Structures are given as C-alpha cells and as structure tokens.
Amino acid sequence: MPAYRFCRTDDIALLTEALNVCYVVHFPDQDPLSSGDFKREIRELNVWSSSCMVVSADRGPIGVVTCAKRERETLIHRIGVHPDSLRQGHARHLLESLSQKFAVLGPARMVAEVPDDLPTVRGLFEAVGYQAEQRFADFTLSKPLAPSAATGGVSPASLDDLLRYEALDPSVSRSWERALETLQNRKDQIRGLAIASDTRVEACALFRDLPRYGRREIVGLGGTIQRGDGGADAGILLEIVVRVACQAGSLAVTIPRVSSEEISWDRLESMGFQRERTYTRYVGVPDSNTQ
C-alpha cells in the first residue's frame with residue numbers, strides 16, 4: 001500500500017531521489033538533480049521541505065511534489081509520478097492533500113506554472129479545480145542584436161538601487177523565477193543596467209550570466225513603461241536598455257518566463273527574439289471542506 005507523507009528538513013536526500021525517479025525521468029534531456037541543486041532551490045526559490053510530499057512503496061519513491069512558499073502564495077514547483085505508477089491517482093491525491101493543508105495553515109493561494117506543451121499536466125490541474133490566470137513565455141535571441149546608437153545614457157545599476165527608486169513595479173505580473181523575492185535571493189548573481197533621469201528610473205534591465213549553460217538570462221525589466229507614466233518614449237528606452245544587456249559575447253541571450261506586462265511580446269519579436277515555450281499560471285481554489 002503506498003504511503004503518503006509530508007517531508008522534514010532532513011529529507012533533502014529523499015526528495016532529490018524522488019524527483020529524479022518520478023519527475024526528471026520524464027525529461028530525458030534534463031540532467032539529474034543533486035542535493036546541492038535542491039538546496040540552491042531552497043535558498044533562491046524558497047522551496048520548503050515541509051511543504052513537499054513523497055509517495056513511497058516497497059521499491060522506493062513512486063510520487064513526489066515539491067512546493068515553494070512565500071507570504072501570499074504557494075508554488076507547486078514540481079510534481080511527478082514514477083513511470084510504472086502513472087494513472088493510479090497519485091498526482092491528484094498529492095494536490096488534494098496540499099490543498100487541505102494550506103487551506104488551514106496558509107498561504108491558501110496555490111499556483112502552478114505549467115508548460116502549455118504538457119496537456120496531461122494541464123488536465124491534472126484543471127481536474128482538481130485550478131483555473132488559468134496568467135501566461136508567460138520563454139524568448140531566445142535568434143541572432144546578435146546591434147546595440148542602439150543611443151546607448152550613452154545607459155549606466156550600471158544594482159538591484160538595491162532599482163528597488164530603492166521603485167523601478168520594478170510590484171503590481172506587475174511576474175513568474176516565480178522573475179519575482180522580486182527571487183531577484184533579491186539571487187542578488188549576488190545579478191547585474192543591472194538603467195536609463196535614469198534626475199528623479200526616476202526611466203528603463204532598466206537585470207541579467208545574470210550562466211557560463212555553465214552558455215547563456216545570459218535577462219531576469220527583470222522595469223521603468224516608467226510599467227507605471228504608465230513614461231509617455232511615448234518609455235518603450236523605446238526599455239528597448240535601448242535590453243539591446244545593451246544583449247551584448248553578451250559568446251553567451252546566448254534568453255528571457256525566461258516573461259509576462260507581457262513586463263514587456264510587450266510583440267516588441268521582443270520585432271527586436272529579433274523568438275518565442276519558444278509558453279506557460280500558463282494556474283491558481284488553485286482552497287478546499288472548502290477544511291475551513
């Protein structure tokens with residue numbers, strides 16, 4: 001009989017094993033996760049071991065769900081079932097158990113960012129009452145961008161500077177990877193660029209280099225265009241900053257999981273970016289039976 005249980009802080013090795021045999025196994029191109037990878041997600045994404053569950057049988061883990069938790073919501077970060085145990089109701093039971101727990105302990109708002117090319121996973125969340133809310137997309141640069149001629153006003157800027165001047169509007173819809181909390185957790189990895197006037201930041205971009213994977217990620221965008229008070233030039237200024245951030249040498253440039261509220265997808269495509277994978281944020285409704 002399979003056993004379901006919530007994990008403890010000392011279950012990192014178990015969770016890593018469960019993720020590899022129940023989740024990573026479904027993605028042949030993905031490298032196995034290590035305990036170090038899981039600990040990094042704890043630091044950067046606020047994954048909580050006590051908000052994760054493992055389903056075990058005699059042969060070992062057959063199901064797993066990992067969650068990240070912040071003040072206002074809980075993210076279903078990964079969910080997977082061993083290939084030999086699919087379609088036996090384990091994934092649904094995991095989601096229902098989480099809903100019951102967080103309806104009591106909070107935060108009750110539960111979200112999942114599901115790739116649109118995984119219809120089975122989307123169907124799972126819809127079957128337990130999750131509702132589609134926001135869409136995100138990965139963009140990659142198809143060819144190097146020529147920097148804008150008007151780059152003289154672009155200067156380095158730290159994340160702390162940009163937050164101090166309220167350049168990153170907290171009301172803008174951002175994926176978990178791009179949320180302000182994630183940026184703060186990764187502050188030591190991130191560099192910024194900005195165009196600023198005497199009183200405000202007109203446009204800014206934050207990025208980090210991942211040489212191991214051969215890419216530069218543009219992880220944050222902001223400025224007056226998001227506040228709606230930048231006038232007709234706001235989009236042009238943001239494009240100038242993005243073009244400077246794209247000068248990455250041999251690294252490929254990507255903009256992962258960006259919403260159209262951060263920057264217009266049409267503008268990115270007009271600049272030469274290609275839209276790759278898209279995602280839908282699903283929002284769970286708390287289980288009323290536990291309230």
# chains A, B, ... in the order shown; residues from 1 in each chain; ligands from 1

$ select_by_dssp --residues "segment 32-165 of chain A" --states "strand (DSSP E or B)" --output "ChimeraX atom specification"
/A:47,53-57,60-69,74-81,110-115,131-141,154-156

$ write_last_selection --atoms "N, CA and C atoms" --output "compact mmCIF listing (two decimals), in the first residue's frame"
# COMPACT_ATOMS: atom_id res chain seq x y z
N VAL A 47 11.85 27.10 -1.71
CA VAL A 47 11.29 25.75 -1.58
C VAL A 47 11.37 25.34 -0.10
N MET A 53 5.88 16.61 -0.54
CA MET A 53 5.36 15.28 -0.21
C MET A 53 6.02 14.22 -1.08
N VAL A 54 6.16 13.03 -0.51
CA VAL A 54 6.67 11.87 -1.23
C VAL A 54 5.70 10.72 -1.06
N VAL A 55 5.45 10.00 -2.14
CA VAL A 55 4.68 8.76 -2.09
C VAL A 55 5.68 7.61 -2.21
N SER A 56 5.65 6.69 -1.26
CA SER A 56 6.62 5.58 -1.25
C SER A 56 5.90 4.24 -1.31
N ALA A 57 6.55 3.30 -1.96
CA ALA A 57 6.11 1.91 -1.99
C ALA A 57 7.31 1.05 -1.62
N GLY A 60 10.53 1.92 -3.33
CA GLY A 60 11.07 3.27 -3.18
C GLY A 60 10.04 4.31 -3.58
N PRO A 61 10.48 5.56 -3.84
CA PRO A 61 9.55 6.64 -4.19
C PRO A 61 8.81 6.35 -5.49
N ILE A 62 7.50 6.60 -5.48
CA ILE A 62 6.71 6.45 -6.71
C ILE A 62 5.97 7.75 -7.06
N GLY A 63 6.09 8.76 -6.22
CA GLY A 63 5.46 10.04 -6.50
C GLY A 63 6.08 11.13 -5.65
N VAL A 64 6.02 12.36 -6.15
CA VAL A 64 6.63 13.47 -5.41
C VAL A 64 5.98 14.78 -5.85
N VAL A 65 5.88 15.71 -4.92
CA VAL A 65 5.52 17.08 -5.24
C VAL A 65 6.38 17.98 -4.36
N THR A 66 6.97 19.01 -4.96
CA THR A 66 7.75 19.97 -4.20
C THR A 66 7.12 21.34 -4.34
N CYS A 67 7.16 22.12 -3.26
CA CYS A 67 6.50 23.41 -3.23
C CYS A 67 7.44 24.48 -2.69
N ALA A 68 7.28 25.67 -3.24
CA ALA A 68 7.95 26.86 -2.73
C ALA A 68 6.87 27.74 -2.10
N LYS A 69 7.24 28.41 -1.01
CA LYS A 69 6.22 29.14 -0.26
C LYS A 69 6.72 30.54 0.08
N THR A 74 1.64 29.80 -2.48
CA THR A 74 2.48 28.61 -2.54
C THR A 74 2.57 28.16 -3.99
N LEU A 75 3.78 27.89 -4.45
CA LEU A 75 4.00 27.43 -5.82
C LEU A 75 4.17 25.91 -5.84
N ILE A 76 3.38 25.23 -6.65
CA ILE A 76 3.64 23.82 -6.95
C ILE A 76 4.81 23.83 -7.94
N HIS A 77 6.00 23.57 -7.44
CA HIS A 77 7.20 23.73 -8.26
C HIS A 77 7.39 22.54 -9.19
N ARG A 78 7.30 21.34 -8.65
CA ARG A 78 7.41 20.13 -9.47
C ARG A 78 6.45 19.08 -8.93
N ILE A 79 5.89 18.31 -9.84
CA ILE A 79 5.07 17.16 -9.45
C ILE A 79 5.32 16.05 -10.46
N GLY A 80 5.51 14.84 -9.96
CA GLY A 80 5.81 13.73 -10.86
C GLY A 80 5.47 12.39 -10.24
N VAL A 81 5.25 11.43 -11.11
CA VAL A 81 4.93 10.05 -10.70
C VAL A 81 5.84 9.11 -11.47
N MET A 110 -2.72 28.83 -4.07
CA MET A 110 -1.75 27.90 -4.63
C MET A 110 -1.68 28.10 -6.13
N VAL A 111 -0.45 28.15 -6.66
CA VAL A 111 -0.26 28.41 -8.09
C VAL A 111 0.68 27.37 -8.68
N ALA A 112 0.56 27.20 -9.98
CA ALA A 112 1.46 26.32 -10.74
C ALA A 112 1.68 26.94 -12.10
N GLU A 113 2.92 26.95 -12.55
CA GLU A 113 3.26 27.47 -13.87
C GLU A 113 3.52 26.28 -14.79
N VAL A 114 2.53 25.93 -15.61
CA VAL A 114 2.52 24.68 -16.35
C VAL A 114 2.85 24.95 -17.82
N PRO A 115 3.84 24.26 -18.38
CA PRO A 115 4.13 24.43 -19.81
C PRO A 115 2.91 24.06 -20.65
N GLN A 131 -7.63 27.08 -11.95
CA GLN A 131 -8.12 27.94 -13.03
C GLN A 131 -6.97 28.69 -13.68
N ALA A 132 -6.98 28.79 -15.00
CA ALA A 132 -5.94 29.51 -15.73
C ALA A 132 -6.02 30.99 -15.42
N GLU A 133 -4.84 31.61 -15.21
CA GLU A 133 -4.82 33.02 -14.85
C GLU A 133 -3.92 33.85 -15.77
N GLN A 134 -2.64 33.59 -15.79
CA GLN A 134 -1.67 34.43 -16.50
C GLN A 134 -0.80 33.55 -17.39
N ARG A 135 -0.27 34.14 -18.47
CA ARG A 135 0.61 33.39 -19.34
C ARG A 135 2.00 34.01 -19.35
N PHE A 136 2.99 33.15 -19.51
CA PHE A 136 4.39 33.55 -19.60
C PHE A 136 5.00 32.89 -20.83
N ALA A 137 6.16 33.40 -21.23
CA ALA A 137 6.84 32.80 -22.40
C ALA A 137 8.34 32.93 -22.25
N ASP A 138 9.04 31.94 -22.79
CA ASP A 138 10.50 32.00 -22.93
C ASP A 138 10.82 32.62 -24.29
N PHE A 139 11.77 33.54 -24.29
CA PHE A 139 12.24 34.13 -25.54
C PHE A 139 13.75 33.89 -25.67
N THR A 140 14.18 33.59 -26.89
CA THR A 140 15.61 33.44 -27.16
C THR A 140 15.97 34.36 -28.32
N LEU A 141 17.20 34.81 -28.30
CA LEU A 141 17.67 35.71 -29.35
C LEU A 141 18.15 34.89 -30.53
N VAL A 154 22.89 54.81 -20.83
CA VAL A 154 22.74 53.55 -20.09
C VAL A 154 23.90 53.39 -19.11
N SER A 155 23.58 53.19 -17.85
CA SER A 155 24.60 53.07 -16.81
C SER A 155 24.36 51.82 -15.97
N PRO A 156 25.42 51.27 -15.36
CA PRO A 156 25.22 50.15 -14.44
C PRO A 156 24.33 50.55 -13.27

$ residues_around --residues "Pro211 of chain A" --least-positions-apart "2" --cutoff "10 Å" --atoms "only C-alpha atoms" --output "PyMOL selection string"
chain A and resi 208-209+213-216+250-252

$ atom_distance --atom1 "atom CA of Arg164 of chain A" --atom2 "atom CA of Ala196 of chain A"
12.8 Å

$ closest_residue --among "A:Gly235, A:Pro83, A:Tyr279, A:Gly272" --to "Val24 of chain A" --atoms "only C-alpha atoms"
A:Pro83

$ atom_distance --atom1 "atom CA of Tyr282 of chain A" --atom2 "atom CA of Pro119 of chain A"
13.0 Å

$ closest_atom_pairs --of "segment 33-79 of chain A" --to "segment 103-106 of chain A" --cutoff "9 Å" --atoms "only C-alpha atoms" --output "CSV"
residue,atom,partner,partner_atom,distance
A:Glu71,CA,A:Gly106,CA,8.7
A:Arg72,CA,A:Gly106,CA,8.4
A:Glu73,CA,A:Gly106,CA,7.9
A:Thr74,CA,A:Gly106,CA,8.3

$ closest_residue --among "A:Ser264, A:Gln88, A:Ser50, A:Thr280" --to "Phe102 of chain A" --atoms "only C-alpha atoms"
A:Ser50

$ closest_residue --among "A:Ala179, A:Leu206, A:Asn46, A:Ile236" --to "Leu268 of chain A" --atoms "only C-alpha atoms"
A:Ile236

$ closest_residue --among "A:Gln184, A:Val121, A:Gly129, A:Ala108" --to "Tyr23 of chain A" --atoms "only C-alpha atoms"
A:Val121

$ select_by_dssp --residues "segment 51-195 of chain A" --states "alpha helix (DSSP H)" --output "VMD selection string"
chain A and resid 90 to 105 119 to 127 159 to 164 180 to 185

$ closest_residue --among "A:Leu162, A:Leu145, A:Val244, A:Ala13" --to "Lys39 of chain A" --atoms "only C-alpha atoms"
A:Ala13

$ residues_around --residues "Arg92 of chain A" --least-positions-apart "3" --cutoff "9 Å" --atoms "only C-alpha atoms" --output "list in words"
Gly89, Leu95, Glu96, Ser97, Leu124, Phe125, Ala127 and Val128 of chain A

$ residues_around --residues "Trp265 of chain A" --least-positions-apart "4" --cutoff "10 Å" --atoms "only C-alpha atoms" --output "VMD selection string"
chain A and resid 136 to 137 139 258 to 261 269 to 271 273 to 275

$ closest_residue --among "A:Glu217, A:Asp116, A:Asp84, A:Asp58" --to "Met1 of chain A" --atoms "only C-alpha atoms"
A:Asp58

$ atom_distance --atom1 "atom CA of Arg243 of chain A" --atom2 "atom CA of Ser171 of chain A"
24.9 Å
